[in-house]
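Text of the file query_18.txt, holding compact mmCIF, C-alpha atoms (C1' of nucleotides):
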```txt
# COMPACT_ATOMS: atom_id res chain seq x y z
CA MET A 232 44.96 184.81 78.31
CA HIS A 233 42.01 183.40 76.51
CA MET A 234 39.41 184.72 74.16
CA LYS A 235 35.98 185.08 75.72
CA THR A 236 33.77 182.12 74.99
CA GLY A 237 31.12 184.68 74.17
CA VAL A 238 32.77 185.24 70.81
CA GLU A 239 32.28 181.66 69.76
CA GLN A 240 28.79 181.59 71.18
CA SER A 241 27.95 184.70 69.22
CA VAL A 242 29.27 183.26 66.00
CA TYR A 243 27.00 180.27 66.32
CA ALA A 244 24.05 182.41 67.28
CA ILE A 245 24.55 184.43 64.14
CA LEU A 246 24.90 181.28 62.08
CA LEU A 247 21.53 180.19 63.44
CA LEU A 248 19.94 183.50 62.57
CA ASN A 249 21.43 183.18 59.14
CA MET A 250 19.32 180.07 58.55
CA LEU A 251 16.09 181.98 59.10
CA PRO A 252 13.91 182.92 56.16
CA ASN A 253 13.17 186.56 55.55
CA LYS A 254 11.01 188.42 58.05
CA ALA A 255 11.41 185.68 60.61
CA VAL A 256 13.01 186.14 64.01
CA LEU A 257 14.18 183.82 66.75
CA SER A 258 13.79 184.57 70.42
CA GLY A 259 16.84 184.83 72.65
CA GLU A 260 15.62 181.96 74.73
CA ALA A 261 15.23 179.67 71.72
CA ILE A 262 18.75 180.50 70.62
CA SER A 263 20.35 179.88 73.99
CA GLN A 264 18.37 176.69 74.37
CA GLN A 265 19.56 175.32 71.07
CA LEU A 266 23.14 176.32 71.83
CA ASN A 267 22.95 174.86 75.28
CA ALA A 268 24.07 177.95 77.13
CA SER A 269 22.96 180.23 79.91
CA PRO A 270 19.87 182.08 78.62
CA THR A 271 20.34 185.27 80.60
CA TYR A 272 23.95 185.66 79.67
CA TYR A 273 23.15 184.93 76.09
CA GLN A 274 20.74 187.82 76.11
CA LYS A 275 23.64 190.05 77.09
CA LEU A 276 25.72 188.78 74.22
CA LEU A 277 22.88 189.27 71.77
CA ARG A 278 22.47 192.83 72.89
CA LYS A 279 26.11 193.50 72.23
CA LEU A 280 25.58 192.20 68.74
CA VAL A 281 22.61 194.51 68.40
CA SER A 282 24.70 197.48 69.53
CA ALA A 283 27.29 196.54 66.96
CA ASP A 284 24.56 196.57 64.35
CA LEU A 285 25.16 192.99 63.34
CA ILE A 286 21.71 191.79 64.28
CA ALA A 287 18.39 193.52 64.79
CA SER A 288 15.95 192.96 67.58
CA VAL A 289 12.19 193.13 67.61
CA PRO A 290 10.45 193.65 70.94
CA GLY A 291 6.97 192.50 71.76
CA VAL A 292 5.08 189.28 71.69
CA LYS A 293 6.40 187.71 68.53
CA GLY A 294 9.71 189.45 68.89
CA GLY A 295 13.22 188.12 68.65
CA PHE A 296 16.39 188.59 66.68
CA ARG A 297 17.34 188.48 63.05
CA LEU A 298 20.38 189.35 60.99
CA LYS A 299 20.80 192.95 60.09
CA LYS A 300 23.48 192.50 57.44
CA ARG A 301 24.06 190.05 54.68
CA PRO A 302 26.07 187.03 55.81
CA GLU A 303 28.92 187.93 53.46
CA ASP A 304 29.14 191.31 55.15
CA ILE A 305 29.68 189.95 58.65
CA CYS A 306 33.13 188.67 59.37
CA VAL A 307 34.40 186.89 62.44
CA TYR A 308 36.31 189.98 63.39
CA ASP A 309 33.12 192.03 63.54
CA ILE A 310 31.76 189.60 66.08
CA TYR A 311 35.02 189.55 67.98
CA LEU A 312 34.93 193.32 68.14
CA ALA A 313 31.32 193.40 69.27
CA ILE A 314 32.03 191.07 72.17
CA GLU A 315 35.60 191.79 73.16
CA GLY A 316 35.51 195.50 72.50
CA ARG A 317 38.32 197.71 71.34
CA GLN A 318 40.63 197.24 74.26
CA SER A 319 43.89 195.92 72.92
CA LEU A 320 45.49 192.67 73.93
CA TYR A 321 48.48 194.47 75.29
CA SER A 322 48.80 197.77 77.04
CA PRO A 323 52.06 198.97 78.52
CA SER A 324 52.13 199.15 82.27
CA GLY A 325 54.71 201.85 82.53
CA ILE A 326 57.54 199.70 83.78
CA LEU A 327 60.03 201.27 81.44
CA GLY A 328 59.06 204.62 82.86
CA ASP A 329 59.93 203.35 86.32
CA LEU A 330 63.13 201.90 85.05
CA LEU A 331 64.39 205.00 83.37
CA GLU A 332 62.42 207.52 85.39
CA LEU A 333 60.88 208.98 82.32
CA GLU A 334 58.35 211.74 82.36
CA LYS A 335 54.76 210.70 81.89
CA ASN A 336 54.40 211.85 78.33
CA GLU A 337 57.59 210.37 77.01
CA TYR A 338 57.40 207.28 74.88
CA GLY A 339 56.92 204.74 77.59
CA CYS A 340 57.26 201.30 76.20
CA LEU A 341 59.57 199.38 73.95
CA LEU A 342 56.94 196.80 73.19
CA THR A 343 53.96 198.86 72.13
CA ASP A 344 54.70 199.01 68.42
CA LEU A 345 55.51 195.34 68.19
CA MET A 346 52.47 194.24 70.10
CA ASN A 347 50.18 196.48 68.12
CA GLU A 348 51.47 194.92 64.96
CA ALA A 349 51.00 191.47 66.38
CA GLU A 350 47.46 192.26 67.35
CA SER A 351 46.66 193.68 64.01
CA ALA A 352 48.02 190.55 62.33
CA TRP A 353 45.73 188.49 64.53
CA LYS A 354 42.76 190.61 63.64
CA THR A 355 43.54 190.55 59.95
CA VAL A 356 43.15 186.81 59.84
CA MET A 357 39.81 187.05 61.58
CA LYS A 358 38.59 189.39 58.89
CA ARG A 359 39.03 186.70 56.27
CA GLU A 360 36.17 184.46 57.29
CA THR A 361 32.57 185.60 57.10
CA ILE A 362 29.26 184.19 58.22
CA ALA A 363 28.67 183.29 54.60
CA SER A 364 31.86 181.27 54.35
CA LEU A 365 31.21 179.58 57.68
CA ALA A 366 27.67 178.72 56.64
CA GLN A 367 29.08 177.15 53.54
CA LYS A 368 31.35 174.96 55.64
CA MET A 369 28.33 173.87 57.59
CA GLU A 370 26.74 172.60 54.45
CA GLU A 371 29.40 170.00 53.94
CA GLU A 372 28.26 166.41 53.63
CA ARG A 373 29.01 165.21 57.11
CA PHE A 374 26.85 167.91 58.65
CA GLN A 375 23.92 167.36 56.30
CA PRO A 376 21.69 164.97 58.22
CA LYS A 377 21.74 167.01 61.39
CA ALA A 378 21.52 170.29 59.56
CA ALA A 379 18.18 169.20 58.14
CA GLU A 380 16.94 168.45 61.64
CA LEU A 381 18.16 171.83 62.75
CA GLN A 382 16.29 173.55 59.94
CA GLN A 383 13.19 171.69 61.00
CA TRP A 384 13.59 172.88 64.56
CA LEU A 385 14.05 176.43 63.32
CA ASN A 386 10.85 176.26 61.35
CA GLU A 387 9.03 175.37 64.52
CA LYS A 388 10.66 177.92 66.76
CA MET A 389 10.89 180.91 64.52
CA LEU A 390 8.41 183.72 64.81
CA VAL A 391 7.22 185.40 61.69
CA GLN A 392 6.76 189.13 61.56
CA GLU A 393 3.80 191.04 60.17
CA ARG A 394 0.25 189.76 59.97
CA SER A 395 0.93 186.59 58.09
CA GLY A 396 0.48 182.94 58.97
CA ASN A 397 2.63 181.44 61.70
CA ARG A 398 3.85 177.94 62.55
CA MET B 225 41.03 189.32 77.01
CA HIS B 226 44.35 190.76 77.88
CA MET B 227 47.93 189.55 77.84
CA LYS B 228 49.32 188.87 81.29
CA THR B 229 51.32 191.77 82.61
CA GLY B 230 53.90 189.20 83.57
CA VAL B 231 55.05 189.06 79.97
CA GLU B 232 56.00 192.70 79.93
CA GLN B 233 57.56 192.46 83.37
CA SER B 234 59.62 189.52 82.23
CA VAL B 235 60.84 191.33 79.16
CA TYR B 236 62.17 194.17 81.27
CA ALA B 237 63.71 191.81 83.77
CA ILE B 238 65.58 190.13 80.96
CA LEU B 239 66.64 193.48 79.58
CA LEU B 240 68.09 194.27 82.98
CA LEU B 241 69.95 190.98 83.11
CA ASN B 242 71.25 191.72 79.66
CA MET B 243 73.06 194.75 81.04
CA LEU B 244 75.07 192.63 83.45
CA PRO B 245 78.72 191.87 82.74
CA ASN B 246 79.82 188.28 82.42
CA LYS B 247 79.71 186.07 85.50
CA ALA B 248 77.57 188.56 87.36
CA VAL B 249 74.08 187.86 88.65
CA LEU B 250 71.26 189.94 90.04
CA SER B 251 69.01 188.83 92.87
CA GLY B 252 65.30 188.49 92.34
CA GLU B 253 64.65 191.07 94.96
CA ALA B 254 66.92 193.63 93.33
CA ILE B 255 65.17 193.09 90.02
CA SER B 256 61.69 193.46 91.40
CA GLN B 257 62.74 196.49 93.38
CA GLN B 258 64.10 198.23 90.32
CA LEU B 259 61.02 197.34 88.30
CA ASN B 260 58.76 198.44 91.07
CA ALA B 261 56.78 195.25 91.28
CA SER B 262 55.71 192.66 93.79
CA PRO B 263 58.89 190.77 94.82
CA THR B 264 57.28 187.44 95.55
CA TYR B 265 55.32 187.34 92.36
CA TYR B 266 58.36 188.38 90.42
CA GLN B 267 60.19 185.38 91.78
CA LYS B 268 57.49 183.22 90.26
CA LEU B 269 57.94 184.86 86.90
CA LEU B 270 61.68 184.48 87.06
CA ARG B 271 61.32 180.81 87.77
CA LYS B 272 59.16 180.39 84.72
CA LEU B 273 61.92 182.01 82.71
CA VAL B 274 64.38 179.59 84.27
CA SER B 275 62.18 176.64 83.32
CA ALA B 276 62.06 177.96 79.79
CA ASP B 277 65.84 178.06 79.78
CA LEU B 278 65.98 181.75 79.04
CA ILE B 279 67.77 182.68 82.23
CA ALA B 280 69.88 180.73 84.69
CA SER B 281 69.68 180.87 88.44
CA VAL B 282 72.41 180.51 91.03
CA PRO B 283 71.40 179.51 94.55
CA GLY B 284 73.32 180.40 97.67
CA VAL B 285 74.59 183.53 99.26
CA LYS B 286 75.77 185.48 96.25
CA GLY B 287 73.18 183.90 94.03
CA GLY B 288 70.76 185.43 91.61
CA PHE B 289 69.85 185.34 87.96
CA ARG B 290 71.68 185.86 84.72
CA LEU B 291 70.94 185.35 81.04
CA LYS B 292 71.36 181.88 79.72
CA LYS B 293 71.26 182.73 76.03
CA ARG B 294 72.66 185.48 73.92
CA PRO B 295 70.33 188.47 73.66
CA GLU B 296 69.92 187.96 69.94
CA ASP B 297 68.71 184.43 70.61
CA ILE B 298 65.87 185.46 72.89
CA CYS B 299 62.81 186.81 71.17
CA VAL B 300 59.73 188.34 72.68
CA TYR B 301 57.79 185.26 71.73
CA ASP B 302 60.07 183.07 73.82
CA ILE B 303 59.21 185.15 76.82
CA TYR B 304 55.54 185.17 75.95
CA LEU B 305 55.63 181.40 75.72
CA ALA B 306 57.46 181.05 79.01
CA ILE B 307 54.86 183.11 80.85
CA GLU B 308 51.62 182.46 79.04
CA GLY B 309 52.29 178.84 78.25
CA ARG B 310 51.14 176.85 75.27
CA GLN B 311 47.45 177.15 75.84
CA SER B 312 45.97 178.75 72.76
CA LEU B 313 44.00 181.95 72.69
CA TYR B 314 40.98 180.12 71.45
CA SER B 315 39.69 176.67 72.15
CA PRO B 316 36.39 175.43 70.84
CA SER B 317 33.77 174.85 73.46
CA GLY B 318 31.85 172.22 71.61
CA ILE B 319 28.86 174.33 70.76
CA LEU B 320 28.74 173.12 67.21
CA GLY B 321 28.62 169.61 68.59
CA ASP B 322 25.55 170.54 70.58
CA LEU B 323 24.04 172.22 67.60
CA LEU B 324 24.47 169.34 65.22
CA GLU B 325 24.60 166.58 67.79
CA LEU B 326 27.91 165.37 66.51
CA GLU B 327 29.84 162.53 67.99
CA LYS B 328 32.70 163.48 70.26
CA ASN B 329 35.50 162.72 67.86
CA GLU B 330 34.04 164.45 64.86
CA TYR B 331 35.50 167.73 63.78
CA GLY B 332 33.78 169.94 66.24
CA CYS B 333 34.36 173.55 65.38
CA LEU B 334 34.14 175.75 62.34
CA LEU B 335 36.45 178.33 63.86
CA THR B 336 39.42 176.27 64.96
CA ASP B 337 41.43 176.54 61.76
CA LEU B 338 40.86 180.24 61.41
CA MET B 339 41.67 181.03 65.01
CA ASN B 340 44.79 178.91 64.92
CA GLU B 341 45.97 180.85 61.91
CA ALA B 342 45.18 184.12 63.61
CA GLU B 343 47.11 183.10 66.67
CA SER B 344 50.05 181.98 64.67
CA ALA B 345 50.09 185.33 62.85
CA TRP B 346 50.14 187.06 66.21
CA LYS B 347 52.99 184.89 67.41
CA THR B 348 54.95 185.36 64.22
CA VAL B 349 55.17 189.09 64.81
CA MET B 350 56.39 188.51 68.34
CA LYS B 351 59.21 186.41 67.00
CA ARG B 352 60.62 189.36 65.10
CA GLU B 353 61.90 191.35 68.03
CA THR B 354 64.67 190.07 70.25
CA ILE B 355 66.25 191.19 73.48
CA ALA B 356 69.15 192.42 71.40
CA SER B 357 66.95 194.62 69.24
CA LEU B 358 65.05 195.91 72.25
CA ALA B 359 68.29 196.71 74.04
CA GLN B 360 69.37 198.65 71.01
CA LYS B 361 66.21 200.73 71.19
CA MET B 362 66.99 201.48 74.77
CA GLU B 363 70.28 202.93 73.76
CA GLU B 364 68.64 205.72 71.85
CA GLU B 365 69.60 209.24 72.78
CA ARG B 366 66.63 210.17 74.88
CA PHE B 367 67.17 207.21 77.18
CA GLN B 368 70.88 207.82 77.57
CA PRO B 369 71.10 209.91 80.75
CA LYS B 370 68.92 207.58 82.76
CA ALA B 371 70.45 204.49 81.26
CA ALA B 372 73.80 205.53 82.65
CA GLU B 373 72.28 205.86 86.11
CA LEU B 374 70.74 202.46 85.71
CA GLN B 375 74.07 200.94 84.79
CA GLN B 376 75.54 202.51 87.90
CA TRP B 377 72.84 200.99 90.05
CA LEU B 378 73.46 197.63 88.45
CA ASN B 379 77.15 197.82 89.27
CA GLU B 380 76.25 198.31 92.89
CA LYS B 381 73.60 195.65 93.12
CA MET B 382 75.06 192.89 91.04
CA LEU B 383 76.75 189.95 92.65
CA VAL B 384 79.84 188.53 91.07
CA GLN B 385 80.35 184.80 90.91
CA GLU B 386 83.54 182.81 91.77
CA ARG B 387 86.17 183.86 94.26
CA SER B 388 87.02 187.19 92.77
CA GLY B 389 86.64 190.72 94.03
CA ASN B 390 83.11 191.94 94.66
CA ARG B 391 81.29 195.31 94.51
C1' DG C 287 -7.98 198.35 76.36
C1' DC C 288 -5.96 194.04 78.59
C1' DT C 289 -2.65 190.46 78.80
C1' DA C 290 1.08 187.54 77.83
C1' DT C 291 5.52 187.49 75.57
C1' DC C 292 9.33 189.41 74.09
C1' DA C 293 13.79 192.64 74.32
C1' DC C 294 16.16 196.13 77.39
C1' DG C 295 19.36 197.53 80.84
C1' DG C 296 20.89 198.14 85.52
C1' DA C 297 22.34 195.84 89.79
C1' DT C 298 24.36 192.09 91.66
C1' DA C 299 26.00 187.41 92.53
C1' DA C 300 28.91 183.30 91.24
C1' DT C 301 32.76 181.59 89.09
C1' DT C 302 37.25 181.55 87.19
C1' DA C 303 41.77 183.57 86.07
C1' DT C 304 45.40 186.27 87.57
C1' DT C 305 48.30 188.37 90.78
C1' DA C 306 50.37 188.25 95.22
C1' DT C 307 51.93 186.34 99.83
C1' DC C 308 53.72 182.93 103.07
C1' DC C 309 56.60 179.35 104.67
C1' DG C 310 59.74 175.56 105.03
C1' DC C 311 63.48 173.56 102.17
C1' DG C 312 68.15 172.98 99.81
C1' DT C 313 72.38 175.41 98.37
C1' DT C 314 76.46 178.15 98.97
C1' DA C 315 79.83 182.15 100.35
C1' DA C 316 81.94 183.83 104.23
C1' DT D 161 77.71 177.43 111.44
C1' DT D 162 75.18 181.16 109.72
C1' DA D 163 72.98 184.29 106.68
C1' DA D 164 71.54 185.21 101.88
C1' DC D 165 69.87 183.41 98.11
C1' DG D 166 66.63 180.47 94.80
C1' DC D 167 62.87 176.65 94.88
C1' DG D 168 58.22 174.99 95.03
C1' DG D 169 53.88 174.14 97.23
C1' DA D 170 49.83 176.01 99.57
C1' DT D 171 46.97 179.65 99.96
C1' DA D 172 45.03 184.36 99.98
C1' DA D 173 43.60 188.73 97.49
C1' DT D 174 42.11 190.83 93.46
C1' DA D 175 40.30 191.33 88.91
C1' DA D 176 37.88 189.60 84.90
C1' DT D 177 34.33 186.90 83.15
C1' DT D 178 30.10 184.55 83.24
C1' DA D 179 25.53 184.22 85.06
C1' DT D 180 21.16 185.67 87.46
C1' DC D 181 17.44 188.76 88.90
C1' DC D 182 14.07 192.16 88.37
C1' DG D 183 11.56 196.09 86.89
C1' DT D 184 10.57 198.58 82.31
C1' DG D 185 8.82 199.33 77.70
C1' DA D 186 6.99 197.45 73.32
C1' DT D 187 3.70 194.71 70.63
C1' DA D 188 0.62 190.86 68.84
C1' DG D 189 -3.51 188.60 69.89
C1' DC D 190 -7.63 188.72 72.28
```
Could you render the structure as structure tokens?
Amino acid sequence: MHMKTGVEQSVYAILLLNMLPNKAVLSGEAISQQLNASPTYYQKLLRKLVSADLIASVPGVKGGFRLKKRPEDICVYDIYLAIEGRQSLYSPSGILGDLLELEKNEYGCLLTDLMNEAESAWKTVMKRETIASLAQKMEEERFQPKAAELQQWLNEKMLVQERSGNR
Amino acid sequence: MHMKTGVEQSVYAILLLNMLPNKAVLSGEAISQQLNASPTYYQKLLRKLVSADLIASVPGVKGGFRLKKRPEDICVYDIYLAIEGRQSLYSPSGILGDLLELEKNEYGCLLTDLMNEAESAWKTVMKRETIASLAQKMEEERFQPKAAELQQWLNEKMLVQERSGNR
DNA sequence: GCTATCACGGATAATTATTATCCGCGTTAA
DNA sequence: TTAACGCGGATAATAATTATCCGTGATAGC
């Protein structure tokens, strides 16, 4: 039982997008390259984030991705949900039914309530942290030197929308 | 991301063992048969429960398994731990390190604290329910008729230790 | 308009985690 | 001594996850 690594990868992708100036986008390939991950699979992740309305995509030559919400309106749970989906961590397998030969529609599991509560406790914590609060953590001293480099790289790789100057 | 079904199976196995009288054991095969699951895999689960000191095993001809602790001293989390192990639901994959080119031993993930808290919230809920409280739920009215049958079956299948009468 | 670059989405392959089986061993009741 | 049990390692089958490929549609620059 392990959370998909796609959740973490998505969080960092969104953190990257959060560093973009307005009207700028970053291509999926640039993102995956910077995050050192499989480009094609990353595209899949990014599309899930698009479906979840967390980021927006722009097709075409200078296309790419950008945030669709304010960083303080995207929490870790939103990203978790976008990637992992709504399927719950536990679903009863009907053993109790076998054990007691219950009918199908009878209450079939002693654990369901407990596990649902547990899962909701887990999710509640994930709702606490947002992209904004994570970005703030990234601005701590020790990250500063490299963060400047990163910003530099972004400025080179980002694609600006509309008919305005580029690079 | 889904909890192993082995956790649920183990809970019900332990509930079965909890219905045994003192000094009686139930063979792994009887358990798996009653719970309608793969016998060989069930043996593996049972051994994990033995390692975790939740149940005891008796080798030899009239051997089998029995509880090792009182039902009120076994919580769902204990069983979860026995089956799922200590590996946490989330472990950072070092992406932030790539992103900021951090050294190996620097604090490498913005999510670790949050996810650890989330996991511990999830585990906390699982600590609330015990085998005793689950057994109590099973004694509710609607389960009664079948529970009696089950007890009957247990009386037939259980193996009694020491040189005393059997069956 | 034409072309190169991007996202899209379906099909499919590779990899990893989980579930399940097999077999030879040690133990013990009869 | 034998048959019924748990033990533990090796290994196979299955399912979930991660990764790739390829044809399509959109758009900026020419």
**Report entry** Spatial neighbours of C:DA297, max dist 12 Å, all atoms listed in the file, sep filter under 2 positions, as a PyMOL selection string
**Finding:** (chain C and resi 295+299) or (chain D and resi 180-183)
To test the calculation: enclose all listed atoms of stretch 174-185 of chain D in a box whose edges run along x, y and z, add 8 Å on each side, then state centre and edge lengths in Å to one decimal, as JSON.
```
{"center_x": 25.5, "center_y": 191.8, "center_z": 85.6, "size_x": 49.3, "size_y": 31.1, "size_z": 31.8}
```
LSQ fit chain B -> chain A, C-alpha in sequence order, output as a short mmCIF file (atom, residue, chain, number, x, y, z; two decimals) with C-alpha atoms, in the coordinates of the input:
```cif
data_model
loop_
_atom_site.label_atom_id
_atom_site.label_comp_id
_atom_site.auth_asym_id
_atom_site.auth_seq_id
_atom_site.Cartn_x
_atom_site.Cartn_y
_atom_site.Cartn_z
CA MET B 225 45.02 184.70 78.32
CA HIS B 226 42.08 183.30 76.51
CA MET B 227 39.47 184.64 74.14
CA LYS B 228 36.05 185.01 75.72
CA THR B 229 33.83 182.06 74.99
CA GLY B 230 31.18 184.61 74.16
CA VAL B 231 32.83 185.17 70.80
CA GLU B 232 32.33 181.59 69.75
CA GLN B 233 28.82 181.53 71.17
CA SER B 234 27.98 184.65 69.23
CA VAL B 235 29.30 183.22 66.00
CA TYR B 236 27.01 180.22 66.31
CA ALA B 237 24.07 182.36 67.28
CA ILE B 238 24.58 184.40 64.15
CA LEU B 239 24.91 181.25 62.08
CA LEU B 240 21.56 180.17 63.44
CA LEU B 241 19.97 183.49 62.59
CA ASN B 242 21.44 183.17 59.14
CA MET B 243 19.32 180.08 58.57
CA LEU B 244 16.11 182.01 59.13
CA PRO B 245 13.92 182.98 56.18
CA ASN B 246 13.18 186.62 55.56
CA LYS B 247 11.04 188.49 58.07
CA ALA B 248 11.42 185.74 60.63
CA VAL B 249 13.03 186.16 64.03
CA LEU B 250 14.20 183.85 66.76
CA SER B 251 13.83 184.57 70.45
CA GLY B 252 16.86 184.82 72.67
CA GLU B 253 15.65 181.96 74.73
CA ALA B 254 15.24 179.67 71.74
CA ILE B 255 18.77 180.49 70.62
CA SER B 256 20.35 179.85 73.97
CA GLN B 257 18.36 176.67 74.36
CA GLN B 258 19.57 175.31 71.05
CA LEU B 259 23.15 176.29 71.82
CA ASN B 260 22.92 174.82 75.25
CA ALA B 261 24.06 177.90 77.09
CA SER B 262 22.99 180.17 79.89
CA PRO B 263 19.90 182.05 78.63
CA THR B 264 20.41 185.23 80.60
CA TYR B 265 24.02 185.59 79.68
CA TYR B 266 23.20 184.87 76.09
CA GLN B 267 20.80 187.78 76.10
CA LYS B 268 23.71 189.98 77.10
CA LEU B 269 25.77 188.72 74.21
CA LEU B 270 22.94 189.23 71.78
CA ARG B 271 22.54 192.78 72.92
CA LYS B 272 26.19 193.44 72.26
CA LEU B 273 25.65 192.15 68.75
CA VAL B 274 22.68 194.48 68.42
CA SER B 275 24.79 197.43 69.56
CA ALA B 276 27.37 196.48 66.97
CA ASP B 277 24.65 196.53 64.35
CA LEU B 278 25.23 192.94 63.35
CA ILE B 279 21.78 191.75 64.30
CA ALA B 280 18.47 193.51 64.81
CA SER B 281 16.03 192.97 67.63
CA VAL B 282 12.26 193.16 67.64
CA PRO B 283 10.52 193.74 70.96
CA GLY B 284 7.02 192.60 71.78
CA VAL B 285 5.15 189.37 71.73
CA LYS B 286 6.46 187.79 68.56
CA GLY B 287 9.79 189.50 68.91
CA GLY B 288 13.28 188.14 68.69
CA PHE B 289 16.45 188.58 66.71
CA ARG B 290 17.38 188.48 63.07
CA LEU B 291 20.43 189.34 60.99
CA LYS B 292 20.87 192.94 60.11
CA LYS B 293 23.53 192.48 57.45
CA ARG B 294 24.09 190.02 54.69
CA PRO B 295 26.09 186.99 55.80
CA GLU B 296 28.93 187.88 53.47
CA ASP B 297 29.18 191.27 55.15
CA ILE B 298 29.71 189.90 58.63
CA CYS B 299 33.17 188.62 59.37
CA VAL B 300 34.43 186.83 62.42
CA TYR B 301 36.35 189.92 63.39
CA ASP B 302 33.16 191.96 63.54
CA ILE B 303 31.81 189.54 66.08
CA TYR B 304 35.06 189.48 67.98
CA LEU B 305 34.99 193.25 68.14
CA ALA B 306 31.38 193.32 69.27
CA ILE B 307 32.09 190.98 72.17
CA GLU B 308 35.65 191.70 73.17
CA GLY B 309 35.54 195.40 72.51
CA ARG B 310 38.34 197.65 71.37
CA GLN B 311 40.63 197.15 74.30
CA SER B 312 43.89 195.83 72.94
CA LEU B 313 45.51 192.59 73.93
CA TYR B 314 48.47 194.42 75.31
CA SER B 315 48.76 197.73 77.05
CA PRO B 316 51.99 198.97 78.51
CA SER B 317 52.06 199.18 82.25
CA GLY B 318 54.60 201.91 82.52
CA ILE B 319 57.45 199.79 83.76
CA LEU B 320 59.92 201.36 81.42
CA GLY B 321 58.90 204.70 82.85
CA ASP B 322 59.79 203.45 86.30
CA LEU B 323 63.01 202.04 85.03
CA LEU B 324 64.21 205.17 83.32
CA GLU B 325 62.22 207.65 85.35
CA LEU B 326 60.65 209.11 82.28
CA GLU B 327 58.11 211.85 82.30
CA LYS B 328 54.52 210.77 81.86
CA ASN B 329 54.11 211.88 78.28
CA GLU B 330 57.31 210.43 76.96
CA TYR B 331 57.15 207.33 74.85
CA GLY B 332 56.80 204.82 77.57
CA CYS B 333 57.14 201.34 76.19
CA LEU B 334 59.49 199.47 73.93
CA LEU B 335 56.89 196.83 73.17
CA THR B 336 53.89 198.87 72.12
CA ASP B 337 54.65 199.01 68.41
CA LEU B 338 55.48 195.35 68.18
CA MET B 339 52.45 194.22 70.12
CA ASN B 340 50.15 196.45 68.12
CA GLU B 341 51.46 194.89 64.95
CA ALA B 342 51.01 191.43 66.38
CA GLU B 343 47.46 192.19 67.35
CA SER B 344 46.66 193.63 64.00
CA ALA B 345 48.04 190.49 62.33
CA TRP B 346 45.77 188.42 64.53
CA LYS B 347 42.78 190.56 63.64
CA THR B 348 43.58 190.50 59.96
CA VAL B 349 43.19 186.74 59.85
CA MET B 350 39.84 186.99 61.60
CA LYS B 351 38.63 189.32 58.90
CA ARG B 352 39.06 186.64 56.27
CA GLU B 353 36.20 184.41 57.29
CA THR B 354 32.61 185.55 57.10
CA ILE B 355 29.29 184.16 58.21
CA ALA B 356 28.68 183.26 54.59
CA SER B 357 31.86 181.22 54.34
CA LEU B 358 31.22 179.55 57.68
CA ALA B 359 27.68 178.69 56.64
CA GLN B 360 29.08 177.12 53.53
CA LYS B 361 31.33 174.91 55.62
CA MET B 362 28.34 173.82 57.58
CA GLU B 363 26.72 172.61 54.44
CA GLU B 364 29.35 169.98 53.91
CA GLU B 365 28.17 166.42 53.56
CA ARG B 366 28.92 165.16 57.02
CA PHE B 367 26.81 167.88 58.60
CA GLN B 368 23.88 167.37 56.26
CA PRO B 369 21.63 164.97 58.17
CA LYS B 370 21.71 166.99 61.36
CA ALA B 371 21.50 170.28 59.54
CA ALA B 372 18.17 169.23 58.12
CA GLU B 373 16.90 168.48 61.62
CA LEU B 374 18.13 171.84 62.74
CA GLN B 375 16.29 173.57 59.94
CA GLN B 376 13.15 171.74 60.99
CA TRP B 377 13.56 172.92 64.55
CA LEU B 378 14.06 176.45 63.32
CA ASN B 379 10.83 176.32 61.34
CA GLU B 380 9.01 175.42 64.51
CA LYS B 381 10.65 177.94 66.77
CA MET B 382 10.90 180.95 64.56
CA LEU B 383 8.43 183.77 64.85
CA VAL B 384 7.22 185.46 61.73
CA GLN B 385 6.79 189.20 61.64
CA GLU B 386 3.80 191.21 60.26
CA ARG B 387 0.23 190.00 60.13
CA SER B 388 0.80 186.88 58.13
CA GLY B 389 0.36 183.23 58.94
CA ASN B 390 2.54 181.82 61.70
CA ARG B 391 4.11 178.42 62.50
#
```
Requested in this report: With a distance threshold of 12 Å and counting all atoms listed in the file, extract the residues of chain C near chain B and express them as a PyMOL selection string.
Outcome: chain C and resi 303-308+312-316
Report summary line: One residue among D:DT171, D:DT162, D:DT184, D:DT178 is nearest to chain A when using all atoms listed in the file, and that residue is D:DT178
Query raised in the report: Between A:Leu298, A:Met250, A:Leu276, A:Leu385, which one has atoms that come closest to chain D, using all atoms listed in the file?
Result: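 So, comparing all the options, the nearest one is A:Leu276.
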Query - Point-to-point distance in Å for atom CA of A:Trp384 and atom CA of A:Phe296 - result: 16.1 Å
Contact table chain D vs chain A, cut-off 12 Å, shortest pair per residue, all atoms listed in the file, as CSV:
```
residue,atom,partner,partner_atom,distance
D:DA176,C1',A:Lys235,CA,10.4
D:DT177,C1',A:Lys235,CA,7.8
D:DT178,C1',A:Tyr272,CA,7.2
D:DA179,C1',A:Tyr272,CA,5.8
D:DT180,C1',A:Thr271,CA,6.9
D:DC181,C1',A:Thr271,CA,9.5
D:DG185,C1',A:Pro290,CA,9.0
D:DA186,C1',A:Gly291,CA,5.2
D:DT187,C1',A:Gly291,CA,4.1
D:DA188,C1',A:Val292,CA,5.5
D:DG189,C1',A:Val292,CA,8.8
```
Report summary line: atom CA of A:Lys388 sits from atom CA of A:Leu280 at a separation of 20.7 Å
Query raised in the report: Rounded to one decimal in Å, what is the spacing between atom CA of A:Leu390 and atom CA of A:Ala283?
Result: 22.9 Å
